[in-house]
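Comments concern the structure below.
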Amino acid sequence: MSLLDTRFPAVVLRSDRNPFHHGTLGAVRSLGRAGVDVHVVADCAGSPVRRSRYVRRMHPPPAPGASAEEILAVLRRVAAQVGRPAVLIPMDDATAIAAARLRDDLAPSYLLPALPATLPERVADKAELATLCAAAGVPHPRTLLPDSPGRAAEDAGRLGLPLVAKWSRPWLLPPGSGLRSTQLVHSPRQAGELQARTAEAGSALLLQSYLPPGEDRDWFFHGYADRSGTVRAGGTGRKRRSWPRGAGLTAVGHWTPNAEVHALAERLTAELGYRGVFDLDFRRCGTTGRYHLLDFNPRPGAQFRLFADRAGLDVVRALHLDLTGRPVPEGEAVAGRSFVVENYAPFAALRTAPAGRELAWYAGDDRAPGRAMWALWARHVSGRLRQRLITPAPVPAPRPVPAAATPFPASPALPAVPATAALPTSPTSPTSPTGNEKASS
């Protein structure tokens with residue numbers, strides 16, 4: 001008998017067009033295996049997700065960049081087809097933000113966590129996050145908000161190079177613009193050129209101190225804050241490999257207990273009054289040993305299935321249990337369990353893991369998505385190779401020789417977290433080097 005109340009279906013919602021979003025498949029399988037009818041509202045026409053045996057029905061999604069009213073119209077149409085109250089599971093920041101704002105309008109057709117309507121938007125906003133971390137005493141990289149290209153160039157000299165440039169609200173970036181949500185900046189000129197595109201990007205540019213890669217630096221925390229605010233399910237993980245290398249999503253992750261990261265996650269969610277699923281990314285500073293929060297994603301992270309405990313409980317199942325009035329049991333962690341995204345780390349997928357391993361695409365009880373992924377990935381890679389062969393490589397501009405240090409005028413900066421905010425360091429294990437220029441998972 002399933003722990004979940006299978007009278008309540010689930011609606012998995014995503015507006016971005018990434019066909020390789022394995023987190024969507026993870027949510028479909030997690031709930032489908034528990035006997036829940038799973039409806040998917042996403043563009044999966046060319047995605048392996050639609051091949052899963054656990055998809056009850058596919059529905060056309062809202063367009064990328066859709067307004068809240070447009071998302072509401074789509075969800076009302078889906079609700080009429082589902083015909084009974086459903087647990088809504090947004091899988092990207094844009095839909096998570098919209099769902100929180102529309103919670104009252106979506107009731108009673110959809111079940112959603114009760115939290116302040118603007119909180120998901122505030123934590124997903126990179127500028128707001130720095131302020132929230134300061135208030136909660138959670139370490140965060142030094143961040144400046146330049147208001148002109150000239151000030152951006154000055155701030156680059158103030159922070160030191162290289163540095164990290166982020167758009168405050170990356171979900172607003174227009175498709176096809178070539179703008180990346182996060183990237184490394186190597187010169188003051190590059191920082192100024194990025195800031196000059198602020199109107200095009202749709203949100204402010206942040207410049208952030210760079211935390212260099214090294215052993216035992218990349219950590220993440222997935223959890224579910226229930227109706228009382230207690231963090232359940234999930235756990236702390238180490239990123240062993242990323243895609244793209246050093247700057248992207250988790251390709252190989254290990255479940256590794258870390259009391260300090262866990263305490264920081266509980267401190268921040270309690271301070272904010274957060275409810276629901278969340279995914280946090282941390283980087284440990286090699287100099288101070290402090291864990292700095294880089295990202296707060298107000299929805300399941302793509303690798304959330306890493307944290308399936310011995311009873312099979314993960315953050316998505318915890319969400320369904322809590323919203324349907326059932327208790328969320330205390331789970332037993334599976335330290336050492338691994339998660340591998342096969343198309344990004346194919347050789348790691350061949351290795352065994354002492355505490356068990358889950359692959360993002362292949363599953364013995366649901367083989368079709370894995371087969372479809374490899375066919376799609378082969379076309380994707382061959383297309384990229386053809387594009388590189390016919391497109392001449394750009395000639396990089398010479399980097400300027402750093403001038404002698406000069407005092408800059410004060411620049412608008414976000415509040416710094418006092419050094420006393422760090423908790424005692426706990427023993428940890430080594431990981432592959434990556435940088436805090438990573439993209440959201």
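Numbering starts fresh at 1 for the residues of each chain in the structure tokens, the chains themselves are lettered A, B, ... in the order given, and ligands are numbered from 1 as they appear.
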Could you list, with a cut-off of 12 Å and counting only C-alpha atoms, the residues of region 54-146 of chain A near region 311-325 of chain A, each shown with its nearest atom pair and the distance in Å rounded to one decimal, rows sorted by chain and ascending number, as JSON lines?
{"residue": "A:Pro85", "atom": "CA", "partner": "A:Thr324", "partner_atom": "CA", "distance": 9.9}
{"residue": "A:Ala86", "atom": "CA", "partner": "A:Thr324", "partner_atom": "CA", "distance": 9.2}
{"residue": "A:Val87", "atom": "CA", "partner": "A:His320", "partner_atom": "CA", "distance": 6.4}
{"residue": "A:Leu88", "atom": "CA", "partner": "A:His320", "partner_atom": "CA", "distance": 8.9}
{"residue": "A:Ile89", "atom": "CA", "partner": "A:Val316", "partner_atom": "CA", "distance": 8.0}
{"residue": "A:Pro90", "atom": "CA", "partner": "A:Val316", "partner_atom": "CA", "distance": 10.6}
{"residue": "A:Met91", "atom": "CA", "partner": "A:Val316", "partner_atom": "CA", "distance": 10.6}
{"residue": "A:Tyr110", "atom": "CA", "partner": "A:Leu323", "partner_atom": "CA", "distance": 9.9}
{"residue": "A:Leu111", "atom": "CA", "partner": "A:Leu323", "partner_atom": "CA", "distance": 6.3}
{"residue": "A:Leu112", "atom": "CA", "partner": "A:Leu323", "partner_atom": "CA", "distance": 6.9}
{"residue": "A:Pro113", "atom": "CA", "partner": "A:Leu323", "partner_atom": "CA", "distance": 7.0}
{"residue": "A:Ala114", "atom": "CA", "partner": "A:Leu323", "partner_atom": "CA", "distance": 9.6}
Can you list, as JSON, numbers by chain, every residue of region 276-341 of chain A that DSSP puts in helix (DSSP H, G or I)? {"A": [304, 305, 306, 307, 315, 316, 317, 318, 319, 320, 321, 322, 323]}
Generate the output file for the selected residues, C-alpha atoms, as a short mmCIF file (atom, residue, chain, number, x, y, z; two decimals), in the first residue's frame.
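Dumped to again.cif:
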data_model
loop_
_atom_site.label_atom_id
_atom_site.label_comp_id
_atom_site.auth_asym_id
_atom_site.auth_seq_id
_atom_site.Cartn_x
_atom_site.Cartn_y
_atom_site.Cartn_z
CA PHE A 304 16.65 15.74 -6.11
CA ARG A 305 16.37 11.97 -6.54
CA LEU A 306 19.86 11.64 -5.03
CA PHE A 307 18.14 12.06 -1.67
CA VAL A 315 11.34 15.95 -1.39
CA VAL A 316 8.64 15.56 -4.06
CA ARG A 317 6.94 12.73 -2.16
CA ALA A 318 7.26 14.75 1.06
CA LEU A 319 5.46 17.63 -0.68
CA HIS A 320 2.62 15.35 -1.78
CA LEU A 321 2.28 13.79 1.68
CA ASP A 322 2.21 17.13 3.50
CA LEU A 323 -0.21 18.89 1.15
#
Which residues in region 7-164 of chain A does DSSP call strand (DSSP E)? List them as a list in words. Ala10, Val11, Val12, Leu13, Val38, His39, Val40, Val41, Val55, Arg56, Arg57, Met58, His59, Ala86, Val87, Leu88, Ile89, Pro90, Tyr110, Leu111, Thr143, Leu144, Leu163 and Val164 of chain A
Using C-alpha atoms, can you write the selected residues to a file as a compact mmCIF listing (two decimals), in the first residue's frame?
# COMPACT_ATOMS: atom_id res chain seq x y z
CA ALA A 10 0.08 15.60 -9.41
CA VAL A 11 0.66 18.25 -12.06
CA VAL A 12 4.33 18.78 -12.95
CA LEU A 13 4.76 22.26 -14.46
CA VAL A 38 1.05 12.38 -13.00
CA HIS A 39 0.12 15.06 -15.53
CA VAL A 40 2.96 16.95 -17.21
CA VAL A 41 2.50 20.54 -18.36
CA VAL A 55 3.09 9.98 -17.48
CA ARG A 56 -0.68 9.92 -17.22
CA ARG A 57 -1.18 12.75 -19.72
CA MET A 58 0.77 15.54 -21.45
CA HIS A 59 -0.61 19.09 -21.61
CA ALA A 86 -4.05 18.08 -7.67
CA VAL A 87 -0.66 18.76 -6.09
CA LEU A 88 1.13 21.34 -8.25
CA ILE A 89 4.90 20.90 -8.67
CA PRO A 90 6.68 23.76 -10.49
CA TYR A 110 -4.40 22.92 -6.89
CA LEU A 111 -2.67 22.26 -3.59
CA THR A 143 28.24 41.46 -4.22
CA LEU A 144 28.09 44.87 -5.94
CA LEU A 163 34.88 37.81 -10.82
CA VAL A 164 31.39 36.42 -11.31
Rounded to one decimal, what separation in Å do you get between CA of Gly237 (chain A) and CA of Phe220 (chain A)?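 Between CA of Gly237 (chain A) and CA of Phe220 (chain A) the gap is 5.3 Å.
Of the listed residues A:Ala42, A:Ala124, A:Leu106, A:Leu75, the one whose atoms come nearest to Pro61 (chain A) is A:Ala42, with distances taken using only C-alpha atoms.
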Can you check which parts of region 270-308 of chain A lie within 12 Å of region 169-184 of chain A? Per residue, the shortest pair of atoms and distance in Å to one decimal, counting only C-alpha atoms, sorted by chain and number, as a Markdown table.
| residue | atom | partner | partner_atom | distance |
| --- | --- | --- | --- | --- |
| A:Leu294 | CA | A:Thr182 | CA | 11.1 |
| A:Asp295 | CA | A:Thr182 | CA | 11.1 |
| A:Asn297 | CA | A:Trp171 | CA | 11.6 |
Exercise: region 118-121 of chain A partners within 12 Å, only C-alpha atoms, chain neighbours under 4 positions left out, as a VMD selection string: chain A and resid 90 92 to 103 113 to 114 125 to 129 132 168 to 172 269 271 to 279 296 to 299
Since we have the selection now, will you write its residues out, keeping N, CA, C and O atoms, as a short mmCIF file (atom, residue, chain, number, x, y, z; two decimals), in the first residue's frame?
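Below you can see again04.cif, which holds the result:
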data_model
loop_
_atom_site.label_atom_id
_atom_site.label_comp_id
_atom_site.auth_asym_id
_atom_site.auth_seq_id
_atom_site.Cartn_x
_atom_site.Cartn_y
_atom_site.Cartn_z
N PRO A 90 5.88 22.98 -9.53
CA PRO A 90 6.68 23.76 -10.49
C PRO A 90 8.12 23.26 -10.50
O PRO A 90 8.70 22.99 -9.45
N ASP A 92 10.65 24.92 -12.51
CA ASP A 92 11.60 25.98 -12.83
C ASP A 92 11.22 27.23 -12.03
O ASP A 92 10.13 27.31 -11.46
N ASP A 93 12.15 28.18 -11.98
CA ASP A 93 11.93 29.36 -11.14
C ASP A 93 10.72 30.18 -11.60
O ASP A 93 9.95 30.68 -10.78
N ALA A 94 10.57 30.34 -12.93
CA ALA A 94 9.49 31.19 -13.43
C ALA A 94 8.13 30.66 -13.00
O ALA A 94 7.26 31.43 -12.57
N THR A 95 7.91 29.35 -13.11
CA THR A 95 6.60 28.81 -12.74
C THR A 95 6.44 28.73 -11.21
O THR A 95 5.32 28.86 -10.71
N ALA A 96 7.54 28.53 -10.48
CA ALA A 96 7.45 28.54 -9.02
C ALA A 96 7.05 29.91 -8.51
O ALA A 96 6.23 30.04 -7.59
N ILE A 97 7.62 30.95 -9.10
CA ILE A 97 7.28 32.33 -8.72
C ILE A 97 5.82 32.63 -9.05
O ILE A 97 5.08 33.19 -8.22
N ALA A 98 5.38 32.24 -10.24
CA ALA A 98 4.00 32.49 -10.65
C ALA A 98 3.02 31.72 -9.77
O ALA A 98 1.98 32.25 -9.36
N ALA A 99 3.33 30.45 -9.47
CA ALA A 99 2.42 29.64 -8.67
C ALA A 99 2.21 30.22 -7.28
O ALA A 99 1.09 30.22 -6.75
N ALA A 100 3.28 30.74 -6.67
CA ALA A 100 3.15 31.33 -5.34
C ALA A 100 2.27 32.57 -5.38
O ALA A 100 1.44 32.79 -4.49
N ARG A 101 2.43 33.39 -6.40
CA ARG A 101 1.60 34.59 -6.52
C ARG A 101 0.14 34.25 -6.83
O ARG A 101 -0.77 35.00 -6.47
N LEU A 102 -0.09 33.12 -7.49
CA LEU A 102 -1.44 32.76 -7.93
C LEU A 102 -2.11 31.76 -6.99
O LEU A 102 -3.19 31.25 -7.31
N ARG A 103 -1.51 31.49 -5.83
CA ARG A 103 -2.01 30.42 -4.97
C ARG A 103 -3.50 30.55 -4.67
O ARG A 103 -4.25 29.57 -4.78
N PRO A 113 2.02 24.88 -1.10
CA PRO A 113 2.44 25.27 0.25
C PRO A 113 1.99 26.70 0.56
O PRO A 113 1.94 27.56 -0.32
N ALA A 114 1.68 26.94 1.83
CA ALA A 114 1.28 28.28 2.28
C ALA A 114 2.54 29.05 2.69
O ALA A 114 3.16 28.75 3.70
N ASP A 125 15.74 35.86 -6.83
CA ASP A 125 16.40 37.08 -7.29
C ASP A 125 17.78 37.15 -6.63
O ASP A 125 17.91 37.19 -5.41
N LYS A 126 18.84 37.19 -7.45
CA LYS A 126 20.20 37.13 -6.92
C LYS A 126 20.54 38.34 -6.05
O LYS A 126 21.31 38.22 -5.08
N ALA A 127 20.00 39.51 -6.38
CA ALA A 127 20.26 40.70 -5.57
C ALA A 127 19.55 40.60 -4.23
O ALA A 127 20.12 40.89 -3.17
N GLU A 128 18.29 40.17 -4.24
CA GLU A 128 17.53 40.01 -3.00
C GLU A 128 18.18 38.96 -2.11
O GLU A 128 18.20 39.10 -0.88
N LEU A 129 18.71 37.91 -2.72
CA LEU A 129 19.29 36.82 -1.93
C LEU A 129 20.45 37.31 -1.08
O LEU A 129 20.59 36.89 0.08
N LEU A 132 18.95 38.97 1.91
CA LEU A 132 18.33 37.99 2.81
C LEU A 132 19.37 37.20 3.59
O LEU A 132 19.18 36.91 4.77
N SER A 168 20.29 39.46 -12.14
CA SER A 168 19.51 39.33 -10.92
C SER A 168 18.32 38.38 -11.08
O SER A 168 18.04 37.57 -10.20
N ARG A 169 17.63 38.47 -12.22
CA ARG A 169 16.45 37.62 -12.45
C ARG A 169 16.65 36.86 -13.77
O ARG A 169 16.13 37.25 -14.82
N PRO A 170 17.39 35.77 -13.71
CA PRO A 170 17.77 35.07 -14.95
C PRO A 170 16.60 34.51 -15.73
O PRO A 170 16.72 34.27 -16.94
N TRP A 171 15.46 34.29 -15.07
CA TRP A 171 14.31 33.75 -15.79
C TRP A 171 13.72 34.77 -16.78
O TRP A 171 12.90 34.41 -17.62
N LEU A 172 14.18 36.03 -16.70
CA LEU A 172 13.70 37.06 -17.62
C LEU A 172 14.59 37.21 -18.87
O LEU A 172 14.25 37.98 -19.76
N THR A 269 15.84 29.01 6.05
CA THR A 269 14.42 28.77 5.79
C THR A 269 13.57 29.18 6.99
O THR A 269 12.45 29.68 6.82
N GLU A 271 14.33 31.61 9.17
CA GLU A 271 14.34 33.07 9.20
C GLU A 271 13.35 33.65 8.18
O GLU A 271 12.67 34.64 8.44
N LEU A 272 13.25 32.99 7.01
CA LEU A 272 12.38 33.49 5.94
C LEU A 272 10.93 33.06 6.09
O LEU A 272 10.05 33.64 5.46
N GLY A 273 10.67 32.04 6.89
CA GLY A 273 9.32 31.48 6.95
C GLY A 273 8.98 30.71 5.69
O GLY A 273 7.82 30.66 5.26
N TYR A 274 9.98 30.08 5.10
CA TYR A 274 9.79 29.38 3.83
C TYR A 274 9.04 28.07 4.05
O TYR A 274 9.23 27.38 5.04
N ARG A 275 8.18 27.74 3.08
CA ARG A 275 7.46 26.47 3.06
C ARG A 275 7.54 25.88 1.65
O ARG A 275 7.41 26.60 0.66
N GLY A 276 7.75 24.56 1.58
CA GLY A 276 7.80 23.90 0.28
C GLY A 276 9.17 23.32 -0.02
O GLY A 276 10.07 23.28 0.82
N VAL A 277 9.34 22.87 -1.27
CA VAL A 277 10.60 22.27 -1.71
C VAL A 277 11.59 23.38 -2.03
O VAL A 277 11.23 24.44 -2.56
N PHE A 278 12.86 23.14 -1.72
CA PHE A 278 13.90 24.12 -2.05
C PHE A 278 15.22 23.40 -2.35
O PHE A 278 15.43 22.26 -1.94
N ASP A 279 16.07 24.10 -3.07
CA ASP A 279 17.37 23.58 -3.51
C ASP A 279 18.39 24.69 -3.33
O ASP A 279 18.26 25.76 -3.93
N PHE A 296 19.49 30.05 -4.29
CA PHE A 296 18.32 29.51 -3.59
C PHE A 296 17.26 29.29 -4.66
O PHE A 296 16.71 30.24 -5.20
N ASN A 297 17.00 28.04 -4.98
CA ASN A 297 15.99 27.69 -5.99
C ASN A 297 14.71 27.26 -5.28
O ASN A 297 14.72 26.25 -4.56
N PRO A 298 13.60 27.98 -5.46
CA PRO A 298 12.36 27.68 -4.73
C PRO A 298 11.54 26.57 -5.40
O PRO A 298 10.34 26.71 -5.61
N ARG A 299 12.19 25.46 -5.70
CA ARG A 299 11.54 24.32 -6.37
C ARG A 299 12.52 23.14 -6.31
O ARG A 299 13.67 23.30 -5.86
#
Please determine, counting only C-alpha atoms, which residue among A:Ser47, A:Ser52, A:Asn258, A:Ser148 has the shortest atom-to-atom distance to Trp377 (chain A).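 Checking each of A:Ser47, A:Ser52, A:Asn258, A:Ser148 against Trp377 (chain A), counting only C-alpha atoms, the winner is A:Ser47.
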For Glu215 (chain A), which residue among A:Val328, A:Cys285, A:Ile71, A:Val36 is the nearest when counting only C-alpha atoms? A:Cys285
So which residues touch Pro19 (chain A) within 10 Å, counting only C-alpha atoms, skipping near sequence neighbours fewer than 5 positions away, as a ChimeraX atom specification? /A:24,42-49,373,376-377
Quick one: write out the picked residues with N, CA, C and O atoms as a tab-separated table (two decimals), in the first residue's frame?
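Result went into part-v5.tsv, see below:
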chain	number	residue	atom	x	y	z
A	24	THR	N	12.50	16.77	-14.31
A	24	THR	CA	11.09	16.54	-14.63
A	24	THR	C	10.80	15.04	-14.66
A	24	THR	O	9.79	14.58	-14.10
A	42	ALA	N	4.39	20.71	-19.85
A	42	ALA	CA	5.73	21.13	-20.29
A	42	ALA	C	5.87	20.81	-21.77
A	42	ALA	O	5.12	19.99	-22.32
A	43	ASP	N	6.84	21.46	-22.40
A	43	ASP	CA	7.12	21.20	-23.80
A	43	ASP	C	8.00	19.96	-23.90
A	43	ASP	O	9.22	20.06	-23.84
A	44	CYS	N	7.39	18.82	-24.03
A	44	CYS	CA	8.12	17.55	-24.07
A	44	CYS	C	8.00	16.86	-25.43
A	44	CYS	O	8.22	15.66	-25.55
A	45	ALA	N	7.61	17.64	-26.46
A	45	ALA	CA	7.43	17.05	-27.79
A	45	ALA	C	8.70	16.37	-28.26
A	45	ALA	O	8.66	15.29	-28.87
A	46	GLY	N	9.87	16.97	-27.99
A	46	GLY	CA	11.12	16.37	-28.38
A	46	GLY	C	11.91	15.84	-27.21
A	46	GLY	O	13.11	15.63	-27.32
A	47	SER	N	11.27	15.64	-26.08
A	47	SER	CA	11.96	15.24	-24.87
A	47	SER	C	11.70	13.77	-24.53
A	47	SER	O	10.60	13.26	-24.77
A	48	PRO	N	12.68	13.08	-23.94
A	48	PRO	CA	12.46	11.70	-23.50
A	48	PRO	C	11.40	11.57	-22.41
A	48	PRO	O	10.88	10.48	-22.19
A	49	VAL	N	11.08	12.66	-21.71
A	49	VAL	CA	10.14	12.59	-20.60
A	49	VAL	C	8.79	12.03	-21.04
A	49	VAL	O	8.16	11.23	-20.34
A	373	MET	N	16.65	9.30	-24.82
A	373	MET	CA	17.64	10.31	-24.49
A	373	MET	C	18.90	10.15	-25.32
A	373	MET	O	19.44	11.11	-25.87
A	376	LEU	N	18.39	11.31	-28.87
A	376	LEU	CA	18.30	12.77	-28.93
A	376	LEU	C	19.66	13.41	-28.65
A	376	LEU	O	20.05	14.39	-29.30
A	377	TRP	N	20.41	12.86	-27.70
A	377	TRP	CA	21.71	13.41	-27.34
A	377	TRP	C	22.70	13.28	-28.51
A	377	TRP	O	23.49	14.19	-28.77
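Closest approach to Asn18 (chain A) from the set A:Pro64, A:Val261, A:Val381, A:Ala270 is made by A:Pro64, with distances taken over only C-alpha atoms.
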Could you tell me how far CA of Lys239 (chain A) sits from CA of Arg351 (chain A), in Å to one decimal place?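 CA of Lys239 (chain A) lies 16.3 Å from CA of Arg351 (chain A).
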